[in-house]
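Trainee: Next up is a structure, given as structure tokens.
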Amino acid sequence: MRKYVLRRVASAVPTLLGITVLIFVAMRVLPGDPVAMIASEGQGTYALRAEELAKARATLGLDKPYYRQYLDWMGDVLRGDLGRSFWRGEPIRDLILRRGPITAQIALMAVVLSWVIGVPVGIASATWRRSAGDHVTRMVVTVFMAVPSFWVGLVIVLVGVLVFTWRPPLTIIYLWDDPWGNLQITLGPALAMGAGLVAVMARITRSSVLEALEEDYVRTARAKGLGEPPIVRRHVLKNAMLPIVTLSGLTLGGLLGGSVAVERAFGVPGLGTALVQALTERDWMMIQNLVLLYGVIFTVVNLLVDLSYGLFDPRIRYQ
């Protein structure tokens, strides 16, 4: 198991390195000089003289060769220094620590919702194969898979405001400070993102359980007189977990990066909203480090999912 873990961790290092290179190239080379782009906007609102532009570039380190800018950026990141917002002057690390818990909580709530509802529904649909309940379940699942999460969010907002006169707080409230106030912020986005995820999870679970039910060990268990519920609980579910865990990891990694549309629909002050604001303001330092954070989160979550495969299927440890 130790060698398996070391191999997987070692394989994640080049991925993280490639992410940093791609982000650096996209921010520095492809769009051009960010300071010049900012200064040329707003019909003269940010008009700067050539001397002021040169001073701004020197302050931000943009006058150095590209390789030096990259090494300086990596050195700052490894020291935990993510720089400051170009316009607000706020340390980016402080913004992440302040807004990150809200986005993380929403993502975790959505994934937990998909497990609590989607997995049982998928198991029931597989065991009731070709029954009326199976057909109804598949139809409902298909409908929810086709509905965009931001549309579900808008419906929740409209119903909450118009019917229940609900007014969600627009400030950051942590769960440990005020649980009720925190749920008013996070429950709506979690339901909006979790609705589609529940449908996908139910579909994946149904397919995985159906495939496992066709295996030889299931027929042997039935021949020995074991009932269907014990077969599913003891044998089928564990062998059907790999696709479910994979989907959960991929989804959690994406949600932790911040669902921009849903956060904007609910006015949640999370990382997705911060990214939208940074893009609007061309705050390139903020954009660069937030995208890096999303890439690191996605890589780490999928590394953990990869490691969990060895727990569900011991054969994978020797590959």
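In the structure tokens, each chain is lettered A, B, ... as it comes, each chain's residues begin at 1, and ligands are numbered from 1 in order of appearance.
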Report the residues of stretch 155-263 of chain A whose backbone DSSP state falls under alpha helix (DSSP H), written as a ChimeraX atom specification.

Mentor: /A:155-162,179-213,216-223,228-231,237-239,241-256,260-263

Trainee: Using only C-alpha atoms, find the one residue out of A:Glu228, A:Asp306, A:Asp216, A:Asp283 that sits nearest to A:Leu250.

Mentor: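 Under the stated criterion, the closest residue is A:Asp306.
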
Trainee: Find the spatial neighbours of A:Ala199, counting only C-alpha atoms, within a cut-off of 6 Å - ignore same-chain residues fewer than 5 positions away - and output them as a PyMOL selection string.

Mentor: chain A and resi 141+144-145

Trainee: Give me a file of those residues, with N, CA and C atoms, as a PDB file, in the first residue's frame.

Mentor:
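Result went into out.pdb, see below:
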```pdb
ATOM      1  N   VAL A 141     -35.008  11.344 -13.208  1.00  0.00           N
ATOM      2  CA  VAL A 141     -33.563  11.548 -13.228  1.00  0.00           C
ATOM      3  C   VAL A 141     -33.139  12.246 -14.516  1.00  0.00           C
ATOM      4  N   PHE A 144     -34.000  16.026 -14.351  1.00  0.00           N
ATOM      5  CA  PHE A 144     -33.106  16.806 -13.499  1.00  0.00           C
ATOM      6  C   PHE A 144     -31.700  16.897 -14.076  1.00  0.00           C
ATOM      7  N   MET A 145     -31.281  15.903 -14.838  1.00  0.00           N
ATOM      8  CA  MET A 145     -29.971  15.981 -15.487  1.00  0.00           C
ATOM      9  C   MET A 145     -29.955  17.055 -16.561  1.00  0.00           C
TER      10      MET A 145
END
```

Trainee: I need the residue nearest A:Glu263 from this list: A:Pro148, A:Pro91, A:Gly100, A:Pro189. Use only C-alpha atoms for the distance.

Mentor: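 Looking only at the distances to A:Glu263, the closest residue turns out to be A:Pro189.
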
Trainee: Looking at A:Trp115, A:Leu197, A:Gly253, A:Val140, which one is nearest to A:Val305, with distances taken over only C-alpha atoms?

Mentor: A:Gly253

Trainee: Would you mind reading off the distance between atom CA of A:Leu247 and atom CA of A:Val121, one decimal, in Å?

Mentor: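 Taking atom CA of A:Leu247 and atom CA of A:Val121, their separation equals 15.9 Å.
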
Trainee: Dump as JSON lines the rows for residues of stretch 227-305 of chain A within 10 Å of stretch 59-80 of chain A: closest atom pair and distance in Å with one decimal, only C-alpha atoms counted, ordered by chain and rising residue number.

Mentor:
```
{"residue": "A:Met285", "atom": "CA", "partner": "A:Leu60", "partner_atom": "CA", "distance": 9.3}
{"residue": "A:Asn289", "atom": "CA", "partner": "A:Val77", "partner_atom": "CA", "distance": 8.7}
{"residue": "A:Leu292", "atom": "CA", "partner": "A:Val77", "partner_atom": "CA", "distance": 9.8}
```
